[in-house]
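Asks: Pasting in a structure now, in structure tokens, and then I'll have a few things to ask.
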Amino acid sequence: MPRYDLPLDERMEKFRNFSKGKVSSLKKGVVEDADDNKEENCNSSTPSSLIDFSLYLREPKYTLNDVILPKNTKKQIESVLAEIKHYDLIYNKWGIGEKHKLDKALSVNFSGPPGTGKTLAAEALAYTLKSKIIVLPYSQLESKYVGDTPKNIVSAFTFAAEHKAILFFDEADSFLGKRLENVTQSTDTAVNLTRSVMITQLSNYEGVIIFATNLIGNYDPAFLSRIRWKLHFELPDEESRKAIWKIQIPDKLPLDNDVDFSKLASEFKDISGRDIKNAVLKGVVSAAKEDKPDSEKKVNHSHLFEAISDVVESNKSAVQEQHLKLNPVEGDIRLPQEPNITEEKDTTN
């Protein structure tokens, strides 16, 4: 059992570490299915992961003050942090640790539309916990060689434990989908093994791990049930949109007095924080390229209005392209005949 009587920062360090015995067994290539059915991992004589995870290890760049979120999402993040802050009270004094002897990781899942702040929130959590963060998109873990992807996952957990870092898996639905029931080829077996390894690692891990997805409905239910905190990120409401517009403006940026963030927030709905961020940059570029001395250049309301309008139209075009689908047709296609139109005779005469 973890030591709950330690100071807060020491408890956090303990909370982020692997159980040493489990790490050593996993390094040998032995994995255990989520249903306690043991499977043999890839040939133990094959080399371990060749990924240099240090390339993805970094200091967090954002704080909670940099992330504008709807009230409900922000409240949930505060609850996640409260689990660590009140660890001793919850797990020791109130005895919850006696009932939670497994699945000790502080596991969090962020789901929601693109651009709603999932990655920023992960970095902000790492900053608050005074930890480094490892940001791993699935494309970096996936290997064309059968069996290498599970090894990469095991190595990622081991590296995170050794560096006391928060492990952040982006695009998590790419490898945590429902396991295949009809296994017909080796690649199907590899897919199921990858998902089983991730579930096992999650059960054994004692650190902080965050998953992010735009498609939570694709998750394997066995995996999703092991996630302690499930946070949904919605598109910002009007109040949040106004705050995001303001926070994206640097102090050095010259703004015209006609800029009205309240009006921008009310006129443009169903946009993400990333959309606003991109619009600010586009508006600044428009102001910078005007044919006048730099000292006279300012960003005005029309610059930002036109920029966000362009972003919205681009989003619409992208969605339409995604929905465009061509269905192949076999054989000849009979075209409809033109209607046979005959002139009516004048019978009045």
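Residue numbering restarts at 1 for every chain of the structure tokens, chains are lettered A, B, ... in their displayed order, and ligands are numbered from 1 as they appear.
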Got a sec: who's within 8 Å of Phe261 of chain A, counting only C-alpha atoms, leaving out chain neighbours fewer than 6 positions off, as number ranges by chain?
Replies: A: 242, 245-246
Asks: Quick check, in Å to one decimal: how far apart do atom CA of His303 of chain A and atom CA of Lys71 of chain A lie?
Replies: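 Atom CA of Lys71 of chain A lies at a distance of 29.8 Å from atom CA of His303 of chain A.
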Asks: Could you pull out the residues in segment 83-139 of chain A that DSSP calls helix (DSSP H, G or I) from the backbone, as a PyMOL selection string?
Replies: chain A and resi 83-85+87-93+96-99+118-128+138-139
Asks: Calculate how many Å separate atom CA of Ser225 of chain A from atom CA of Leu176 of chain A, rounding to one decimal.
Replies: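 Going from atom CA of Ser225 of chain A over to atom CA of Leu176 of chain A, I get 12.2 Å.
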Asks: Mind pulling up the distance from atom CA of Leu64 of chain A to atom CA of Ile249 of chain A?
Replies: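 It comes out at 17.3 Å.
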